[in-house]
$ cat my_file.txt   # compact mmCIF, C-alpha atoms
# COMPACT_ATOMS: atom_id res chain seq x y z
CA MET A 2 98.65 87.97 101.56
CA GLY A 3 98.85 91.11 103.66
CA ASN A 4 99.45 94.64 102.51
CA THR A 5 102.88 95.61 101.24
CA CYS A 6 103.88 99.13 102.29
CA LYS A 7 106.29 101.29 100.32
CA GLN A 8 108.11 102.70 103.34
CA ILE A 9 110.37 105.69 102.66
CA PHE A 10 112.56 106.11 105.73
CA ARG A 11 112.32 106.59 109.50
CA PRO A 12 114.49 109.54 110.54
CA GLU A 13 116.14 110.20 113.86
CA ARG A 14 114.70 113.15 115.74
CA SER A 15 116.82 116.24 115.30
CA PRO A 16 118.13 118.26 118.30
CA GLY A 17 115.44 120.54 119.73
CA GLN A 18 112.65 118.77 117.89
CA GLN A 19 109.41 118.61 119.88
CA ASP A 20 107.97 115.36 121.18
CA ILE A 21 104.85 115.45 119.01
CA ALA A 22 104.22 115.31 115.26
CA ILE A 23 101.37 116.69 113.15
CA LEU A 24 99.84 114.48 110.44
CA LEU A 25 97.69 116.45 108.02
CA ASP A 26 95.14 115.24 105.52
CA PHE A 27 95.62 116.95 102.17
CA ASP A 28 92.43 117.59 100.19
CA GLY A 29 90.26 120.08 102.04
CA THR A 30 92.81 120.54 104.84
CA ILE A 31 96.04 121.75 103.23
CA GLY A 32 94.77 122.29 99.71
CA ASN A 33 91.51 123.72 98.44
CA THR A 34 91.53 120.83 96.00
CA GLU A 35 88.42 118.92 97.03
CA THR A 36 86.02 121.06 94.99
CA PRO A 37 87.84 120.92 91.62
CA ALA A 38 88.75 117.25 92.14
CA MET A 39 85.17 116.32 92.98
CA GLU A 40 83.88 118.29 90.02
CA VAL A 41 86.22 116.42 87.68
CA ALA A 42 84.98 113.16 89.21
CA PHE A 43 81.34 114.15 88.67
CA TRP A 44 81.82 114.97 85.00
CA GLU A 45 83.73 111.71 84.50
CA LEU A 46 80.76 109.72 85.82
CA ALA A 47 77.91 111.95 84.60
CA PRO A 48 77.40 110.16 81.23
CA TYR A 49 76.94 106.85 83.05
CA LEU A 50 74.82 107.84 86.05
CA VAL A 51 71.44 106.13 86.05
CA ASP A 52 68.64 108.42 84.84
CA SER A 53 71.02 111.24 83.90
CA ASP A 54 69.17 114.21 82.46
CA PRO A 55 71.13 116.88 80.56
CA LYS A 56 68.66 119.52 81.75
CA THR A 57 69.34 118.86 85.44
CA LEU A 58 72.98 117.71 85.48
CA GLU A 59 74.25 121.09 86.66
CA GLU A 60 71.74 121.06 89.53
CA GLU A 61 72.64 117.49 90.49
CA LYS A 62 76.36 118.24 90.62
CA VAL A 63 76.57 120.06 93.97
CA PRO A 64 74.58 117.57 96.08
CA TRP A 65 76.45 114.70 94.40
CA MET A 66 79.79 116.31 95.29
CA GLN A 67 78.68 116.89 98.89
CA ASN A 68 77.50 113.30 99.28
CA ASN A 69 80.74 111.87 97.88
CA ALA A 70 83.29 114.25 99.44
CA GLY A 71 86.16 112.36 101.05
CA LYS A 72 85.44 109.11 99.19
CA ALA A 73 87.87 107.44 96.81
CA PHE A 74 86.75 107.47 93.17
CA GLU A 75 86.89 103.66 93.23
CA PHE A 76 83.89 103.65 95.56
CA MET A 77 81.95 106.14 93.42
CA LEU A 78 82.66 104.03 90.34
CA GLU A 79 81.61 100.84 92.09
CA LYS A 80 78.29 102.36 93.14
CA CYS A 81 77.60 103.65 89.64
CA GLU A 82 78.27 100.19 88.18
CA LYS A 83 76.01 98.61 90.79
CA ASP A 84 73.19 101.05 90.03
CA ARG A 85 73.53 100.33 86.30
CA ALA A 86 73.50 96.56 86.86
CA GLU A 87 70.33 96.80 88.96
CA LYS A 88 68.66 98.62 86.05
CA GLY A 89 69.86 96.01 83.56
CA LEU A 90 72.13 98.54 81.79
CA GLN A 91 75.47 97.84 80.12
CA SER A 92 78.66 98.39 82.09
CA ILE A 93 80.52 101.68 81.84
CA GLN A 94 83.38 100.00 79.97
CA GLN A 95 80.98 98.55 77.39
CA ILE A 96 79.48 101.99 76.78
CA ARG A 97 82.92 103.58 76.54
CA GLU A 98 84.28 101.04 74.07
CA ALA A 99 81.24 101.40 71.81
CA LYS A 100 81.13 105.20 72.29
CA ARG A 101 77.42 104.99 73.07
CA GLU A 102 77.24 107.90 75.51
CA LYS A 103 74.13 110.00 74.94
CA LYS A 104 74.86 112.96 72.71
CA ASP A 105 72.82 115.52 74.68
CA ILE A 106 74.58 114.55 77.90
CA LEU A 107 77.99 114.64 76.18
CA GLU A 108 77.36 118.24 75.14
CA VAL A 109 76.94 119.28 78.77
CA VAL A 110 79.87 117.14 79.93
CA ASP A 111 82.26 118.39 77.25
CA ARG A 112 81.37 122.01 77.94
CA ASN A 113 82.42 121.51 81.54
CA ARG A 114 85.50 119.46 80.68
CA LYS A 115 86.70 122.38 78.58
CA ARG A 116 86.76 124.58 81.70
CA PHE A 117 89.39 122.25 83.17
CA GLY A 118 91.48 122.20 80.01
CA LEU A 119 90.35 118.65 79.18
CA PRO A 120 89.47 117.35 75.68
CA PRO A 121 85.99 116.14 74.68
CA LEU A 122 85.17 112.91 76.50
CA GLN A 123 85.18 110.63 73.47
CA GLU A 124 88.61 111.95 72.44
CA ALA A 125 90.18 110.84 75.73
CA LYS A 126 92.56 107.90 75.20
CA TYR A 127 92.56 105.96 78.45
CA ARG A 128 91.98 102.22 78.85
CA ASN A 129 89.26 102.64 81.48
CA LEU A 130 87.42 105.32 83.42
CA LEU A 131 89.43 104.85 86.62
CA VAL A 132 92.73 105.53 84.86
CA GLN A 133 91.14 108.47 83.05
CA GLN A 134 89.89 110.02 86.28
CA LYS A 135 93.28 109.70 87.96
CA GLU A 136 95.18 111.23 85.03
CA GLU A 137 92.71 114.00 84.27
CA THR A 138 92.37 115.03 87.91
CA VAL A 139 96.13 115.54 88.02
CA LEU A 140 95.97 117.66 84.86
CA ALA A 141 93.18 119.83 86.25
CA LEU A 142 94.73 120.26 89.70
CA SER A 143 98.11 121.23 88.27
CA VAL A 144 96.35 124.47 87.34
CA LEU A 145 93.56 124.77 89.92
CA ALA A 146 95.13 123.70 93.24
CA THR A 147 95.31 126.50 95.85
CA PRO A 148 96.13 126.45 99.59
CA CYS A 149 93.39 126.52 102.21
CA ASP A 150 93.12 129.90 103.90
CA GLY A 151 95.54 130.16 106.81
CA ILE A 152 97.39 126.89 106.27
CA LYS A 153 100.69 128.57 105.36
CA GLU A 154 100.63 130.42 108.69
CA VAL A 155 100.14 127.11 110.48
CA LEU A 156 103.01 125.42 108.63
CA ASP A 157 105.30 128.35 109.35
CA ALA A 158 104.36 128.29 113.03
CA LEU A 159 105.02 124.54 113.26
CA THR A 160 108.39 125.02 111.58
CA GLU A 161 109.34 127.77 114.03
CA LEU A 162 108.35 125.60 117.00
CA LYS A 163 110.29 122.63 115.57
CA ILE A 164 107.18 120.47 115.47
CA PRO A 165 107.50 118.04 112.54
CA PHE A 166 104.61 117.54 110.15
CA CYS A 167 103.73 115.60 107.02
CA ILE A 168 100.85 114.66 104.72
CA SER A 169 98.72 111.58 105.42
CA THR A 170 96.15 111.21 102.64
CA THR A 171 94.06 108.70 100.76
CA SER A 172 94.76 110.55 97.50
CA GLY A 173 97.34 109.08 95.17
CA LYS A 174 100.60 110.11 93.57
CA PRO A 175 101.40 111.99 91.42
CA ARG A 176 98.20 113.93 92.22
CA VAL A 177 99.29 115.20 95.65
CA PRO A 178 102.88 116.12 94.65
CA VAL A 179 101.50 117.96 91.60
CA CYS A 180 99.19 119.97 93.87
CA VAL A 181 102.01 120.68 96.32
CA LYS A 182 104.07 122.05 93.43
CA ALA A 183 101.17 124.13 92.08
CA MET A 184 100.74 125.65 95.56
CA LYS A 185 104.52 126.25 95.86
CA PHE A 186 104.65 124.14 99.03
CA GLU A 187 107.58 121.90 98.03
CA SER A 188 109.75 123.24 100.85
CA TYR A 189 107.16 122.10 103.40
CA PHE A 190 106.43 118.78 101.76
CA PRO A 191 109.35 117.17 99.90
CA PRO A 192 108.56 113.66 98.53
CA HIS A 193 109.37 111.80 101.77
CA LYS A 194 106.80 113.95 103.62
CA ILE A 195 103.88 112.77 101.43
CA HIS A 196 102.17 109.51 102.46
CA SER A 197 99.38 108.05 100.35
CA GLY A 198 96.94 105.28 101.21
CA GLU A 199 96.37 104.72 97.51
CA SER A 200 99.95 104.74 96.27
CA ASP A 201 102.09 103.55 99.20
CA PHE A 202 100.36 100.18 99.75
CA THR A 203 99.74 97.12 97.60
CA PRO A 204 96.81 96.74 97.51
CA SER A 205 95.76 100.31 98.35
CA ARG A 206 94.61 101.05 101.89
CA PHE A 207 91.96 103.75 101.95
CA LYS A 208 90.76 105.59 105.01
CA PRO A 209 89.18 104.70 107.49
CA ALA A 210 91.82 101.94 107.49
CA PRO A 211 94.61 103.13 109.83
CA ASP A 212 97.56 102.18 107.61
CA VAL A 213 98.46 105.56 106.11
CA TYR A 214 98.44 107.26 109.51
CA LEU A 215 100.58 104.51 111.02
CA LYS A 216 103.03 104.86 108.14
CA ALA A 217 103.15 108.65 108.45
CA ALA A 218 103.76 108.50 112.20
CA GLY A 219 106.50 105.91 111.81
CA SER A 220 108.17 107.85 109.01
CA GLU A 221 108.45 110.86 111.30
CA GLY A 222 109.89 108.67 114.08
CA TYR A 223 106.87 108.95 116.41
CA ASP A 224 104.41 106.57 118.04
CA PRO A 225 100.74 107.12 117.11
CA GLU A 226 99.80 108.45 120.55
CA GLU A 227 102.39 111.21 120.12
CA CYS A 228 100.67 112.52 116.98
CA VAL A 229 97.90 114.96 116.10
CA ALA A 230 95.70 114.47 113.03
CA ILE A 231 93.95 117.32 111.21
CA GLU A 232 91.08 116.01 109.10
CA ASP A 233 88.08 117.23 107.12
CA SER A 234 86.40 113.88 106.33
CA VAL A 235 84.55 111.30 108.43
CA SER A 236 86.64 108.51 106.92
CA GLY A 237 89.79 110.45 107.78
CA VAL A 238 88.76 110.91 111.40
CA GLY A 239 87.98 107.19 111.49
CA SER A 240 91.43 106.40 110.11
CA ALA A 241 93.16 108.56 112.72
CA ALA A 242 91.04 107.03 115.49
CA ASN A 243 91.69 103.50 114.27
CA ALA A 244 95.43 104.29 114.25
CA LYS A 245 95.09 105.37 117.93
CA LEU A 246 96.47 108.87 117.34
CA GLY A 247 96.74 111.01 120.44
CA PHE A 248 94.54 113.93 119.34
CA ILE A 249 92.19 114.51 116.40
CA ILE A 250 91.23 117.95 115.08
CA GLY A 251 88.33 118.15 112.66
CA TYR A 252 88.23 120.98 110.13
CA VAL A 253 85.28 122.38 108.17
CA GLY A 254 86.73 125.66 106.88
CA ALA A 255 87.62 124.67 103.32
CA SER A 256 85.58 125.83 100.33
CA HIS A 257 84.04 122.44 99.47
CA ILE A 258 81.84 122.51 102.59
CA PRO A 259 79.09 125.14 102.10
CA GLU A 260 78.11 127.34 105.03
CA GLU A 261 74.75 125.64 105.52
CA LYS A 262 76.47 122.23 105.76
CA LYS A 263 79.31 123.11 108.14
CA GLU A 264 77.48 122.31 111.37
CA SER A 265 76.07 118.99 110.20
CA HIS A 266 79.46 118.01 108.77
CA ALA A 267 81.15 118.97 112.04
CA MET A 268 78.70 116.80 113.98
CA ASP A 269 79.57 113.92 111.68
CA LEU A 270 83.28 114.41 112.37
CA LEU A 271 82.54 114.32 116.10
CA SER A 272 80.31 111.23 115.81
CA GLY A 273 82.99 108.58 115.42
CA ARG A 274 80.81 106.54 113.07
CA LYS A 275 83.80 105.40 110.98
CA SER A 276 86.03 104.32 113.87
CA LYS A 277 86.01 100.87 115.41
CA ASP A 278 85.70 102.22 118.96
CA GLY A 279 83.27 105.05 118.19
CA ARG A 280 85.89 107.74 118.74
CA GLY A 281 85.37 110.99 116.86
CA ALA A 282 87.32 114.23 116.63
CA ASN A 283 88.19 115.91 119.93
CA VAL A 284 86.99 119.21 118.48
CA VAL A 285 86.08 120.64 115.07
CA ILE A 286 87.29 124.09 114.00
CA ARG A 287 86.30 126.48 111.22
CA ASP A 288 89.60 128.40 111.05
CA ILE A 289 92.72 126.28 110.48
CA ARG A 290 94.77 128.84 112.43
CA ASP A 291 93.04 127.68 115.61
CA SER A 292 94.79 124.34 115.20
CA MET A 293 97.92 125.93 116.69
CA THR A 294 96.14 126.61 119.99
CA LEU A 295 95.04 122.98 120.10
CA ILE A 296 98.47 121.65 119.09
CA LYS A 297 100.19 123.69 121.81
CA TYR A 298 97.70 122.28 124.34
CA PHE A 299 98.44 118.72 123.25
CA LEU A 300 102.18 119.40 123.43
CA ALA A 301 101.86 120.80 126.96
CA GLU A 302 99.86 117.77 128.08
CA ARG A 303 102.44 115.39 126.62
CA ASP A 304 105.31 117.34 128.21
CA ALA A 305 103.51 117.06 131.55
CA GLY A 306 103.23 113.30 131.16
CA ARG A 307 99.49 113.37 130.56
CA GLY A 308 97.46 112.16 127.63
CA VAL A 309 94.22 113.57 126.24
CA ALA A 310 91.16 111.36 126.66
CA PRO A 311 89.72 110.25 123.29
CA GLY A 312 87.05 112.58 121.98
CA LEU A 313 87.27 115.07 124.87
CA ILE A 314 88.20 118.76 124.99
CA PRO A 315 88.59 121.14 127.98
CA LYS A 316 86.07 123.97 128.14
CA THR A 317 88.77 126.47 129.09
CA LEU A 318 90.68 125.64 125.91
CA LEU A 319 87.66 126.32 123.70
CA LYS A 320 87.56 129.91 124.99
CA GLU A 321 90.95 130.50 123.36
CA LEU A 322 89.75 129.60 119.85
CA LYS A 323 89.23 132.65 117.63
CA GLY A 324 87.04 131.10 114.94
CA GLY A 325 83.89 129.04 115.27
CA PHE A 326 84.15 125.55 116.73
CA TYR A 327 82.04 122.48 117.45
CA ALA A 328 82.51 120.19 120.45
CA LYS A 329 80.54 117.27 121.81
CA ASN A 330 82.19 116.12 125.02
CA VAL A 331 83.56 119.07 126.99
CA ILE A 332 85.55 118.65 130.20
CA VAL A 333 84.53 121.15 132.89
CA PRO A 334 87.00 121.22 135.82
CA TYR A 335 85.56 121.17 139.34
CA ASP A 336 86.48 120.05 142.87
CA ASP A 337 90.26 120.16 142.59
CA GLU A 338 91.46 117.41 140.23
CA LYS A 339 88.10 115.93 139.32
CA ALA A 340 86.40 116.55 136.00
CA LYS A 341 82.97 116.06 134.65
CA THR A 342 81.83 115.55 131.10
CA GLU A 343 78.83 117.40 129.78
CA SER A 344 77.33 116.80 126.36
CA LYS A 345 76.39 119.70 124.17
$ encode --input "my_file.txt" --output "structure tokens"
Amino acid sequence: MGNTCKQIFRPERSPGQQDIAILLDFDGTIGNTETPAMEVAFWELAPYLVDSDPKTLEEEKVPWMQNNAGKAFEFMLEKCEKDRAEKGLQSIQQIREAKREKKDILEVVDRNRKRFGLPPLQEAKYRNLLVQQKEETVLALSVLATPCDGIKEVLDALTELKIPFCISTTSGKPRVPVCVKAMKFESYFPPHKIHSGESDFTPSRFKPAPDVYLKAAGSEGYDPEECVAIEDSVSGVGSAANAKLGFIIGYVGASHIPEEKKESHAMDLLSGRKSKDGRGANVVIRDIRDSMTLIKYFLAERDAGRGVAPGLIPKTLLKELKGGFYAKNVIVPYDDEKAKTESK
């Protein structure tokens, strides 16, 4: 059987509404939620990671979070189980049911769980680790979720310009609505403006599958080519590309991407390695406020009856960006209406 989608509604465009829509990822794009969510995920899995050492767990946390950023916990859990099976170790569920987690590792784990307001691991009453991670992440983020720097200015500018926008995320419900409430963003994102690859499809459809972007576009009353995606993950860029969205903005300004990793992460967003046709982001920005310059450009091109070639960005437009940016295929105008592409 195919996927069943929990569609909300497809509204008519209101008078004066612009002819484009903005579809935003949530974690690491709207909310600075990726870091606390990934840290909760790490401490959920830490007792079961192969060769875990209580003396080095804190050191292993950051690279683990960086390597798994943007991935669904289901995939992290699957890999952990696979690693355990290859070593001939019992499954996570068998260890949980027998409460055989190593005591020295539990001491480190429980100390960190306490920071998030969570009880000691062996006192948690969930039927499996996946359910536990979902529920405890919501609990932690209800306190820790904060907006990404500059995103409120962007949402206010979109509202003023009558450009509709919504959330298009892999993350599930109620996690995202809880974060929206913690950030006091309910006026921007009422329930029908939150679309989840995990919760809105049976079975779930995680990025880079295009489903959640197609649903978000349709729910706003727009075709995919009329939409702009703003994404911080490679899988998210792949999802937007696979959905054939008109323009893709990559973003590396959130706190979960350390300074020394921003350039390499940006190159990954530009690479297109998760899209079926090899299409990556048109451009990657460090300051979310610069998205408005790019959105206005896309709107002008659409109003003029032109599209934007996949993965390309005009050199003249880059000069208008205030923060740092990364671009791969830059269009340099020459000889009247011709254009040439140069790789950087």
$ residues_around --input "my_file.txt" --residues "Met66 in chain A" --least-positions-apart "3" --cutoff "8 Å" --atoms "all atoms listed in the file" --output "VMD selection string"
chain A and resid 36 39 to 40 43 62 to 63 69 to 70
$ closest_residue --input "my_file.txt" --among "A:Pro55, A:Gly281, A:Gly32, A:Gly254" --to "Ile168 in chain A" --atoms "only C-alpha atoms"
A:Gly32
$ closest_residue --input "my_file.txt" --among "A:Ile195, A:Val309, A:Val229, A:Leu145" --to "Ile250 in chain A" --atoms "only C-alpha atoms"
A:Val229
$ atom_distance --input "my_file.txt" --atom1 "CA of Val213 in chain A" --atom2 "CA of Leu246 in chain A"
11.9 Å
$ closest_residue --input "my_file.txt" --among "A:Phe74, A:Ser143, A:Val179, A:Arg287" --to "Ser256 in chain A" --atoms "all atoms listed in the file"
A:Arg287
$ atom_distance --input "my_file.txt" --atom1 "CA of Cys81 in chain A" --atom2 "CA of Thr171 in chain A"
20.5 Å
$ closest_residue --input "my_file.txt" --among "A:Gln18, A:Asn113, A:Ser272, A:Ser197" --to "Cys167 in chain A" --atoms "all atoms listed in the file"
A:Ser197
$ residues_around --input "my_file.txt" --residues "Val139 in chain A" --least-positions-apart "2" --cutoff "12 Å" --atoms "only C-alpha atoms" --output "CSV table (one decimal) with C-alpha atoms, keeping the file's coordinate frame"
chain,number,residue,atom,x,y,z
A,34,THR,CA,91.5,120.8,96.0
A,37,PRO,CA,87.8,120.9,91.6
A,38,ALA,CA,88.8,117.2,92.1
A,41,VAL,CA,86.2,116.4,87.7
A,42,ALA,CA,85.0,113.2,89.2
A,117,PHE,CA,89.4,122.2,83.2
A,118,GLY,CA,91.5,122.2,80.0
A,119,LEU,CA,90.4,118.6,79.2
A,132,VAL,CA,92.7,105.5,84.9
A,133,GLN,CA,91.1,108.5,83.0
A,134,GLN,CA,89.9,110.0,86.3
A,135,LYS,CA,93.3,109.7,88.0
A,136,GLU,CA,95.2,111.2,85.0
A,137,GLU,CA,92.7,114.0,84.3
A,141,ALA,CA,93.2,119.8,86.2
A,142,LEU,CA,94.7,120.3,89.7
A,143,SER,CA,98.1,121.2,88.3
A,144,VAL,CA,96.4,124.5,87.3
A,145,LEU,CA,93.6,124.8,89.9
A,146,ALA,CA,95.1,123.7,93.2
A,172,SER,CA,94.8,110.6,97.5
A,173,GLY,CA,97.3,109.1,95.2
A,174,LYS,CA,100.6,110.1,93.6
A,175,PRO,CA,101.4,112.0,91.4
A,176,ARG,CA,98.2,113.9,92.2
A,177,VAL,CA,99.3,115.2,95.6
A,178,PRO,CA,102.9,116.1,94.6
A,179,VAL,CA,101.5,118.0,91.6
A,180,CYS,CA,99.2,120.0,93.9
A,181,VAL,CA,102.0,120.7,96.3
A,182,LYS,CA,104.1,122.0,93.4
A,183,ALA,CA,101.2,124.1,92.1
$ atom_distance --input "my_file.txt" --atom1 "CA of Ala310 in chain A" --atom2 "CA of Ile332 in chain A"
9.9 Å
$ residues_around --input "my_file.txt" --residues "Gln91 in chain A" --least-positions-apart "6" --cutoff "10 Å" --atoms "all atoms listed in the file" --output "list in words"
Tyr49, Glu82 and Arg85 of chain A
$ residues_around --input "my_file.txt" --residues "Ala282 in chain A" --least-positions-apart "4" --cutoff "9 Å" --atoms "only C-alpha atoms" --output "ChimeraX atom specification"
/A:232,238-239,242,248-251,270-273,311-313,328
